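Participant: Can you read through this structure? Questions will come right after.
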Amino acid sequence: MAEAARTTVRNEFPWGVIEWLAGAEVGNSRELSLARMTLAAGSANDLHTHDNCEESVYIVRGRVECVVGGQGTLLDPGQSTIVPRGAVHLLRNAGEGPAEIILSHSSAAREFRLAAGA
């Protein structure tokens, strides 16, 4: 039987919060990572890339623009998108209030690198 996660790892940023639910940081997965992100109104996270994994972005609440390779796509609650491995991207809150987003990565130890121009 699988064991329930006992802890999370919370990272606070000027633009919002990421709470890691599964992955290497939490110590409960060797294959993937899972997080809940809260993105403040009018904010965007840093332009970045994950060279070792894909990222899945699912919108729970709010309106979010996912910018991948300079092309933006607006996402509403219930919509999702996949960011390819190595793609330069960011998430921007395009709504009036905070946005809640579920992120998953195809690696428990996803690599994070700020992109040029970040």
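Lettering and numbering for the structure tokens are positional, with chains as A, B, ... in the shown order, residues counted from 1 in each chain, and ligands counted from 1 in the shown order.
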Neighbouring residues of A:Val67 were defined as those with any atom within 7 Å, considering only C-alpha atoms; residues of the same chain fewer than 5 positions away were excluded. Please report them as a PyMOL selection string.
Facilitator: chain A and resi 72-73+89-91
Participant: Can you tell me, as a PyMOL selection string, what residues are no more than 12 Å from A:Ile101 when counting only C-alpha atoms, ignoring any on the same chain fewer than 4 positions away?
Facilitator: chain A and resi 16-20+34-40+56-66+75-81+91-93
Participant: Residues as selected, C-alpha atoms, written as a CSV table (one decimal), in the first residue's frame, can you do that?
Facilitator:
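Saved file out_22.csv follows:
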```csv
chain,number,residue,atom,x,y,z
A,16,GLY,CA,3.6,34.0,-5.3
A,17,VAL,CA,4.1,30.6,-3.7
A,18,ILE,CA,4.9,27.1,-4.8
A,19,GLU,CA,4.0,24.3,-2.4
A,20,TRP,CA,5.7,21.0,-3.5
A,34,LEU,CA,3.9,17.7,-8.2
A,35,ALA,CA,3.2,21.2,-6.9
A,36,ARG,CA,0.4,23.7,-6.2
A,37,MET,CA,1.3,27.3,-7.3
A,38,THR,CA,-0.5,30.5,-6.2
A,39,LEU,CA,0.3,33.3,-8.6
A,40,ALA,CA,-0.5,36.8,-7.4
A,56,SER,CA,2.2,20.0,-17.2
A,57,VAL,CA,0.3,23.1,-16.2
A,58,TYR,CA,-3.4,22.8,-15.0
A,59,ILE,CA,-5.4,25.9,-14.0
A,60,VAL,CA,-7.6,25.4,-11.0
A,61,ARG,CA,-8.6,29.1,-10.4
A,62,GLY,CA,-8.0,32.3,-12.3
A,63,ARG,CA,-6.9,33.1,-15.8
A,64,VAL,CA,-3.2,32.4,-16.7
A,65,GLU,CA,-1.1,33.1,-19.7
A,66,CYS,CA,1.4,30.4,-20.4
A,75,LEU,CA,-5.8,29.2,-20.0
A,76,ASP,CA,-9.0,29.3,-17.9
A,77,PRO,CA,-10.0,26.9,-15.0
A,78,GLY,CA,-10.1,23.3,-16.2
A,79,GLN,CA,-7.7,23.9,-19.0
A,80,SER,CA,-4.1,22.6,-19.2
A,81,THR,CA,-1.0,22.6,-21.4
A,91,LEU,CA,3.3,31.8,-16.3
A,92,ARG,CA,1.6,35.2,-16.0
A,93,ASN,CA,-1.6,35.8,-14.1
```
Participant: What is the atom CA of A:Asn28-atom CA of A:Thr8 distance in Å, reported with one decimal?
Facilitator: 9.7 Å
Participant: Of the candidates A:Gly27, A:Pro84, A:Gly42, A:Gly69, which one gets nearest to A:His105 if we count only C-alpha atoms?
Facilitator: A:Pro84
Participant: How far is it from atom CA of A:Ala87 to atom CA of A:Val68, in Å with one decimal?
Facilitator: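 According to the coordinates, atom CA of A:Ala87 and atom CA of A:Val68 are separated by 6.5 Å.
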Participant: I need the residues in chain A that are strand (DSSP E or B) according to DSSP; give them as a PyMOL selection string.
Facilitator: chain A and resi 9-13+16-22+33-39+44+48-49+55-61+64-68+71-75+80-83+89-93+99-105+113-114
Participant: In Å to one decimal, how far is atom CA of A:Leu47 from atom CA of A:Ser107?
Facilitator: 19.5 Å
